[in-house]
Structure formats: C-alpha cells, structure tokens
>>> print(open('structure-v4.txt').read())   # compact mmCIF, C-alpha atoms and all ligand atoms
# COMPACT_ATOMS: atom_id res chain seq x y z
CA MET A 1 151.97 84.39 65.23
CA LYS A 2 148.19 84.69 65.64
CA ILE A 3 147.32 86.36 68.92
CA ARG A 4 145.18 83.46 70.17
CA GLN A 5 148.08 81.04 69.62
CA ARG A 6 150.59 83.01 71.66
CA PRO A 7 151.60 81.55 75.04
CA ILE A 8 150.19 83.13 78.20
CA THR A 9 152.50 83.95 81.11
CA LEU A 10 150.84 84.33 84.50
CA LEU A 11 152.85 86.84 86.52
CA GLY A 12 152.27 88.14 90.03
CA ILE A 13 153.18 91.79 90.59
CA PRO A 14 153.45 92.19 94.38
CA TRP A 15 153.39 95.98 94.38
CA ASP A 16 151.29 98.42 96.39
CA LYS A 17 153.64 101.36 96.83
CA LYS A 18 151.41 103.60 94.70
CA SER A 19 148.25 102.95 96.73
CA SER A 20 146.87 106.21 98.10
CA PHE A 21 144.72 104.83 100.93
CA LEU A 22 145.67 101.34 102.21
CA GLN A 23 148.46 98.82 101.65
CA GLY A 24 147.69 95.15 101.02
CA PRO A 25 147.52 94.43 97.27
CA ALA A 26 151.21 93.35 97.31
CA LEU A 27 149.98 90.22 99.12
CA ALA A 28 147.31 89.52 96.50
CA PRO A 29 149.09 87.33 93.91
CA ASP A 30 149.98 84.60 96.42
CA LYS A 31 146.53 84.66 98.02
CA ILE A 32 144.79 84.40 94.65
CA ARG A 33 147.02 81.47 93.61
CA THR A 34 146.35 79.66 96.91
CA THR A 35 142.61 80.03 96.36
CA LEU A 36 142.91 78.99 92.73
CA HIS A 37 144.54 75.71 93.78
CA ASN A 38 142.68 75.05 97.05
CA GLY A 39 140.65 72.17 95.64
CA ALA A 40 137.25 73.78 96.26
CA GLY A 41 136.32 73.62 92.58
CA ASN A 42 137.54 72.20 89.30
CA ASN A 43 139.74 74.14 86.88
CA TRP A 44 137.30 74.35 83.96
CA THR A 45 135.78 77.61 82.80
CA GLU A 46 132.06 78.03 82.11
CA LEU A 47 132.93 77.67 78.40
CA THR A 48 134.60 74.31 79.21
CA ILE A 49 138.25 75.20 78.79
CA ASN A 50 140.88 74.22 81.35
CA PRO A 51 143.33 77.10 80.88
CA LEU A 52 145.61 76.11 83.78
CA ALA A 53 146.33 72.73 82.16
CA HIS A 54 146.60 74.15 78.63
CA ASP A 55 149.91 73.99 76.72
CA LEU A 56 149.80 77.75 76.18
CA PHE A 57 149.59 78.56 79.90
CA GLN A 58 152.56 78.97 82.21
CA ASP A 59 152.68 80.38 85.74
CA LYS A 60 156.06 82.05 86.17
CA GLY A 61 155.49 83.14 89.78
CA ASN A 62 155.98 86.68 91.03
CA MET A 63 158.00 89.41 89.38
CA ALA A 64 161.00 90.79 91.27
CA ILE A 65 160.43 94.55 91.36
CA SER A 66 163.24 97.01 92.05
CA ASP A 67 161.31 100.16 91.15
CA TYR A 68 158.08 101.17 89.40
CA PHE A 69 159.42 101.02 85.83
CA SER A 70 161.12 97.65 86.35
CA ILE A 71 157.55 96.35 85.78
CA GLU A 72 157.76 97.59 82.18
CA THR A 73 161.10 95.80 81.67
CA ALA A 74 159.76 92.50 83.00
CA ILE A 75 156.65 92.67 80.78
CA ALA A 76 158.73 93.64 77.72
CA LYS A 77 160.88 90.54 78.29
CA GLU A 78 157.78 88.33 78.01
CA LEU A 79 156.36 90.15 74.98
CA LYS A 80 159.72 89.94 73.21
CA GLN A 81 159.50 86.15 73.48
CA GLY A 82 156.11 86.25 71.78
CA ASN A 83 154.19 85.66 75.01
CA ARG A 84 151.09 87.39 76.30
CA THR A 85 150.87 88.33 79.98
CA LEU A 86 148.13 87.81 82.53
CA CYS A 87 149.17 89.76 85.62
CA LEU A 88 147.94 89.62 89.18
CA GLY A 89 148.41 92.96 90.92
CA GLY A 90 149.27 94.76 92.88
CA ASP A 91 147.59 98.10 92.87
CA HIS A 92 146.30 99.64 89.63
CA SER A 93 149.44 101.74 89.09
CA ILE A 94 150.95 98.64 87.40
CA ALA A 95 148.71 99.20 84.36
CA PHE A 96 150.82 102.09 83.03
CA PRO A 97 154.22 100.31 82.86
CA ILE A 98 152.48 97.17 81.54
CA ILE A 99 150.73 99.05 78.74
CA LYS A 100 153.89 101.05 78.02
CA ALA A 101 155.59 97.74 77.26
CA TYR A 102 152.63 96.54 75.17
CA ALA A 103 152.69 99.69 73.05
CA HIS A 104 156.15 98.71 71.79
CA PHE A 105 155.01 95.28 70.62
CA PHE A 106 151.41 95.75 69.47
CA GLU A 107 150.31 98.32 66.91
CA ALA A 108 146.66 99.08 67.35
CA PHE A 109 144.82 97.78 70.37
CA ASP A 110 141.99 98.82 72.64
CA ILE A 111 141.77 98.61 76.41
CA LEU A 112 138.76 97.52 78.45
CA GLN A 113 139.06 98.86 81.99
CA ILE A 114 136.54 97.55 84.49
CA ASP A 115 136.65 99.81 87.53
CA ALA A 116 134.68 101.98 89.96
CA HIS A 117 137.23 104.72 89.27
CA GLY A 118 138.42 106.42 86.11
CA ASP A 119 142.03 106.51 87.38
CA LEU A 120 142.41 109.57 85.17
CA TYR A 121 143.87 112.08 87.64
CA HIS A 122 146.63 114.18 86.11
CA GLU A 123 148.39 113.70 89.44
CA PHE A 124 147.22 112.53 92.85
CA GLU A 125 148.73 113.88 96.10
CA GLY A 126 151.70 115.04 94.06
CA ASP A 127 152.39 111.67 92.39
CA PRO A 128 151.76 111.31 88.63
CA HIS A 129 152.18 107.53 89.03
CA SER A 130 149.67 107.07 91.87
CA HIS A 131 147.16 104.25 91.38
CA ALA A 132 144.66 107.06 90.73
CA CYS A 133 146.56 108.10 87.56
CA PRO A 134 147.61 105.19 85.28
CA PHE A 135 144.96 105.73 82.61
CA ALA A 136 145.75 109.45 82.36
CA ARG A 137 149.34 108.44 81.54
CA ILE A 138 148.15 105.82 79.04
CA VAL A 139 145.79 108.08 77.07
CA GLU A 140 147.95 111.22 77.13
CA ASN A 141 150.79 109.17 75.61
CA GLY A 142 148.45 107.63 73.03
CA LEU A 143 149.45 104.10 74.08
CA CYS A 144 146.16 102.53 72.97
CA GLU A 145 143.65 103.28 70.20
CA GLN A 146 140.56 103.41 72.40
CA LEU A 147 140.15 103.21 76.15
CA THR A 148 136.74 101.89 77.19
CA GLN A 149 135.86 102.07 80.86
CA VAL A 150 132.95 100.17 82.42
CA GLY A 151 131.47 100.46 85.92
CA ILE A 152 132.70 103.99 86.68
CA ARG A 153 130.85 105.69 89.54
CA THR A 154 133.26 108.11 91.25
CA LEU A 155 133.89 110.92 88.76
CA ASN A 156 134.65 114.45 89.88
CA PRO A 157 134.75 117.43 87.46
CA HIS A 158 138.53 117.02 86.89
CA GLN A 159 138.14 113.38 85.88
CA ARG A 160 135.22 114.24 83.57
CA GLU A 161 137.39 116.87 81.91
CA GLN A 162 140.22 114.39 81.48
CA ALA A 163 137.87 111.80 79.94
CA ALA A 164 136.48 114.36 77.47
CA LYS A 165 139.94 115.74 76.64
CA TYR A 166 141.35 112.32 75.74
CA GLY A 167 138.22 110.82 74.15
CA VAL A 168 137.74 108.08 76.72
CA ASN A 169 134.75 105.87 75.93
CA MET A 170 133.20 105.75 79.36
CA ILE A 171 130.27 103.53 80.26
CA GLU A 172 129.43 104.83 83.68
CA MET A 173 127.70 102.42 86.05
CA LYS A 174 124.45 104.36 85.73
CA ASP A 175 124.57 103.98 81.92
CA PHE A 176 125.48 100.29 82.18
CA GLU A 177 122.40 99.90 84.35
CA GLU A 178 120.35 101.40 81.48
CA GLY A 179 121.71 98.78 79.10
CA LYS A 180 124.75 100.46 77.52
CA ARG A 181 127.42 97.86 76.61
CA PRO A 182 130.91 98.07 75.04
CA THR A 183 131.82 96.79 71.56
CA PHE A 184 135.34 96.08 70.29
CA ASN A 185 136.86 95.95 66.80
CA ARG A 186 140.57 95.65 67.60
CA PRO A 187 142.75 93.34 69.70
CA LEU A 188 141.98 93.98 73.33
CA TYR A 189 143.83 94.36 76.63
CA ILE A 190 141.68 93.87 79.76
CA SER A 191 142.46 95.74 82.98
CA LEU A 192 140.18 94.50 85.71
CA ASP A 193 140.06 96.41 88.99
CA LEU A 194 138.10 94.31 91.46
CA ASP A 195 136.51 97.43 92.94
CA GLY A 196 134.51 97.68 89.71
CA LEU A 197 132.40 94.96 91.31
CA ASP A 198 129.99 95.94 94.04
CA PRO A 199 131.55 95.53 97.52
CA ALA A 200 128.76 93.00 98.20
CA PHE A 201 130.45 90.72 95.64
CA ALA A 202 134.08 91.74 96.20
CA PRO A 203 134.62 93.19 99.68
CA GLY A 204 138.38 92.57 99.61
CA VAL A 205 139.42 95.85 98.02
CA SER A 206 140.90 99.03 99.49
CA HIS A 207 138.22 101.39 98.16
CA HIS A 208 134.66 100.22 98.81
CA GLU A 209 132.39 101.90 96.28
CA PRO A 210 128.75 100.76 96.52
CA GLY A 211 126.47 100.47 93.50
CA GLY A 212 128.75 98.39 91.30
CA LEU A 213 128.78 95.41 88.97
CA THR A 214 127.73 91.92 89.94
CA THR A 215 130.13 89.01 89.45
CA ARG A 216 127.75 87.68 86.79
CA GLU A 217 127.82 90.97 84.87
CA VAL A 218 131.63 90.94 84.79
CA LEU A 219 131.63 87.30 83.64
CA ARG A 220 129.20 88.17 80.85
CA LEU A 221 131.37 91.14 79.76
CA ILE A 222 134.36 88.79 79.48
CA GLN A 223 132.48 85.94 77.83
CA ASN A 224 130.99 88.28 75.22
CA ILE A 225 134.39 89.51 73.98
CA ASP A 226 134.87 88.26 70.41
CA VAL A 227 138.18 89.96 69.50
CA PRO A 228 141.59 88.47 70.35
CA ILE A 229 142.85 89.31 73.85
CA ILE A 230 146.50 90.41 73.95
CA GLY A 231 146.83 90.52 77.71
CA ALA A 232 145.11 91.25 81.01
CA ASP A 233 145.58 92.22 84.61
CA ILE A 234 143.49 91.70 87.74
CA VAL A 235 144.32 94.34 90.32
CA GLU A 236 143.51 95.88 93.69
CA TYR A 237 142.69 92.72 95.62
CA ASN A 238 143.44 93.56 99.25
CA PRO A 239 143.52 90.42 101.43
CA HIS A 240 143.40 92.55 104.62
CA ARG A 241 139.86 93.62 103.70
CA ASP A 242 138.55 90.25 102.57
CA ILE A 243 135.95 88.09 104.30
CA SER A 244 136.56 84.29 104.25
CA ASP A 245 138.69 84.70 101.10
CA MET A 246 135.51 85.43 99.09
CA THR A 247 137.15 88.11 96.96
CA ALA A 248 140.15 85.84 96.32
CA ALA A 249 137.64 83.31 94.96
CA VAL A 250 136.15 85.99 92.68
CA ALA A 251 139.65 86.92 91.45
CA ALA A 252 140.55 83.26 90.88
CA LYS A 253 137.37 82.65 88.88
CA LEU A 254 137.85 85.77 86.77
CA LEU A 255 141.48 84.76 86.18
CA LYS A 256 140.30 81.38 84.84
CA GLU A 257 137.57 82.88 82.66
CA ILE A 258 139.91 85.53 81.19
CA ALA A 259 142.65 82.95 80.56
CA GLY A 260 140.07 80.69 78.89
CA LYS A 261 138.92 83.56 76.67
CA MET A 262 142.54 84.35 75.75
CA ILE A 263 142.93 80.79 74.50
CA LYS A 264 139.61 80.37 72.68
MN MN B 301 139.39 101.28 91.21
>>> encode(input="structure-v4.txt", output="structure tokens")
Amino acid sequence: MKIRQRPITLLGIPWDKKSSFLQGPALAPDKIRTTLHNGAGNNWTELTINPLAHDLFQDKGNMAISDYFSIETAIAKELKQGNRTLCLGGDHSIAFPIIKAYAHFFEAFDILQIDAHGDLYHEFEGDPHSHACPFARIVENGLCEQLTQVGIRTLNPHQREQAAKYGVNMIEMKDFEEGKRPTFNRPLYISLDLDGLDPAFAPGVSHHEPGGLTTREVLRLIQNIDVPIIGADIVEYNPHRDISDMTAAVAAKLLKEIAGKMIK
C-alpha cells in the first residue's frame, strides 16, 4: 500500500524512566490530548486538512509499557497491520525502540530529528539507553539511511565525534540561522523533541536550551516536507515545567500539522 494511504495510529507512550534530569514526560500524552480537544480552536491544519476526523486517523490511547523494549513490540504490532504510528512521548529514549521496529518493516528511510541536543552519547551516566543516547543506537545499528538533525546547539567534543563517525547530517542552530535547510529524497520519519524550540516558545520541557527554533520555523519545516512520512513522534513535553499549558498547545498544533502532512 502507498505510504500516504496507510492508516495512522496515535499512541501515547507514558514513559520517562530514561530521563537524566527531571521526570514528567510520562504525563505528557494525556495533557496533550486534553489540550487538543479543549475547544479553544478548530481541528483544521493550516493546509486545511482535518486529520483528527479523517478515516485514516485513529487514536488508540496510551501504550501499556512493561519495560523499555516493550515499546518496540507495541510499535511492531501496528506496523505489521500496515499502520503508521504517530507517538506522543515520553522522553526521547522511546525513539530507539520505535525506529528499531520501523527498520523491520521499511527498507530505506531517512529521519528528521528536530532537537536542541544530538542525543548521540555512546552512553550517559552508565546507561546506553538514556534519553541522551537514542540516536547513537539508531545510527550505529544502521537503522536508517540518513539521519538529519535540525536545531542542535549543545554539542560537546564527544557528540561531534559521534556525528562525524556515523555521517550524521547535522544542521546546527547557528547554521539554520544562516539559512541552511534540510532536503529529503526518501520516505521520512520525524522525531520532534520540543526542546528544539526556543524555551520562549516551548517552556514545558525538562532541558531549557536558549537560542532555538521558533514555532513558525518548525511549522515551515514540516509543511515543506514533500516526501511520504512513515511515522513521527513528539517527545519531551514536561507538564511540570509548563506555563498555562502553552507548550501543550504547541505540541497539539504540531501533532495536527504532522498528521495532516502524513495524510496529504
Ligand atoms: Mn532534546
């Protein structure tokens, strides 16, 4: 089946056990859903698609998670049925088991990671599955063709080495500012860490990293994608750090716009 015609399963992944600094993202899926349905706005995207009411879209609630790799099993179950997944994290550690499942069902795909951080640590505080490590696991196992990162602004020498070693296409925030933009030629998976946005736009994250993307810049990145989208996740929303649910509103809007792009 053509990628754009495959059903989309919305899944919450209430998991923050791999967060290195603060807990909270486990509460994110329910908060984002509440904001999505709070009646403050309509359900149409800026490209005039109503993904939530579309035949292809189904919200299956939150995943039951017994351990870290049970995430992979739950995603594989959806992919086996021919569905695509749109996941609400959870911390960013969920990206590795998700992509591990995808690699079994899709041959050649790219990943767009929007993030303040490379998440390329070989290990972090002794844990190779920390939320600081998922993209090291993904590239070292060759799970995608090309990893493109946008918004990065926290690299240390180790992370730069990792990026060079594994051929990561990194558009650091300072290069984005100079006009550098990503291009894609293969089906794409989007992994959106809300801390890629500037804390002024998305304060509800565990790791505030100033000097980031605007909401409009992230919307434009998504709207400019012209290859089929095989799946996506929106991670690292931390309700404990939010102000008047503003970041939940950002997450809800980005969820709609990504879902709309997955359909059309
Ligand atoms: Mn991050």
>>> residues_around(input="structure-v4.txt", residues="Phe106 (chain A)", least_positions_apart="3", cutoff="10 Å", atoms="only C-alpha atoms", output="PyMOL selection string")
chain A and resi 79+99+101-103+109+143-144+187+230
>>> residues_around(input="structure-v4.txt", residues="Arg4 (chain A)", least_positions_apart="6", cutoff="8 Å", atoms="only C-alpha atoms", output="PyMOL selection string")
chain A and resi 228-229+262-264
>>> residues_near_ligand(input="structure-v4.txt", ligand="ligand MN 301 (chain B)", cutoff="8 Å", atoms="all atoms listed in the file", output="PyMOL selection string")
chain A and resi 92+115-119+132+193-196+207+236
>>> residues_around(input="structure-v4.txt", residues="region 73-75 of chain A", least_positions_apart="6", cutoff="12 Å", atoms="all atoms listed in the file", output="PyMOL selection string")
chain A and resi 8-13+60+62-67+81-87+94-105+231-233
>>> residues_near_point(input="structure-v4.txt", point="(134.8, 95.8, 89.8)", cutoff="10 Å", atoms="all atoms listed in the file", output="ChimeraX atom specification")
/A:113-117,150-152,192-199,201-202,205,209,212-215,217-218,234-236
>>> atom_distance(input="structure-v4.txt", atom1="CA of Pro134 (chain A)", atom2="CA of Pro29 (chain A)")
19.9 Å
>>> atom_distance(input="structure-v4.txt", atom1="CA of Ser93 (chain A)", atom2="CA of Arg241 (chain A)")
19.3 Å
>>> closest_residue(input="structure-v4.txt", among="A:Thr148, A:Asn50, A:Ser206, A:Thr34", to="Ile171 (chain A)", atoms="only C-alpha atoms")
A:Thr148
>>> closest_residue(input="structure-v4.txt", among="A:Ile138, A:Pro128, A:His37, A:Leu221", to="Lys180 (chain A)", atoms="only C-alpha atoms")
A:Leu221
>>> atom_distance(input="structure-v4.txt", atom1="CA of Lys2 (chain A)", atom2="CA of Glu107 (chain A)")
13.9 Å
>>> residues_around(input="structure-v4.txt", residues="Gln146 (chain A)", least_positions_apart="6", cutoff="10 Å", atoms="only C-alpha atoms", output="count of residues only")
13
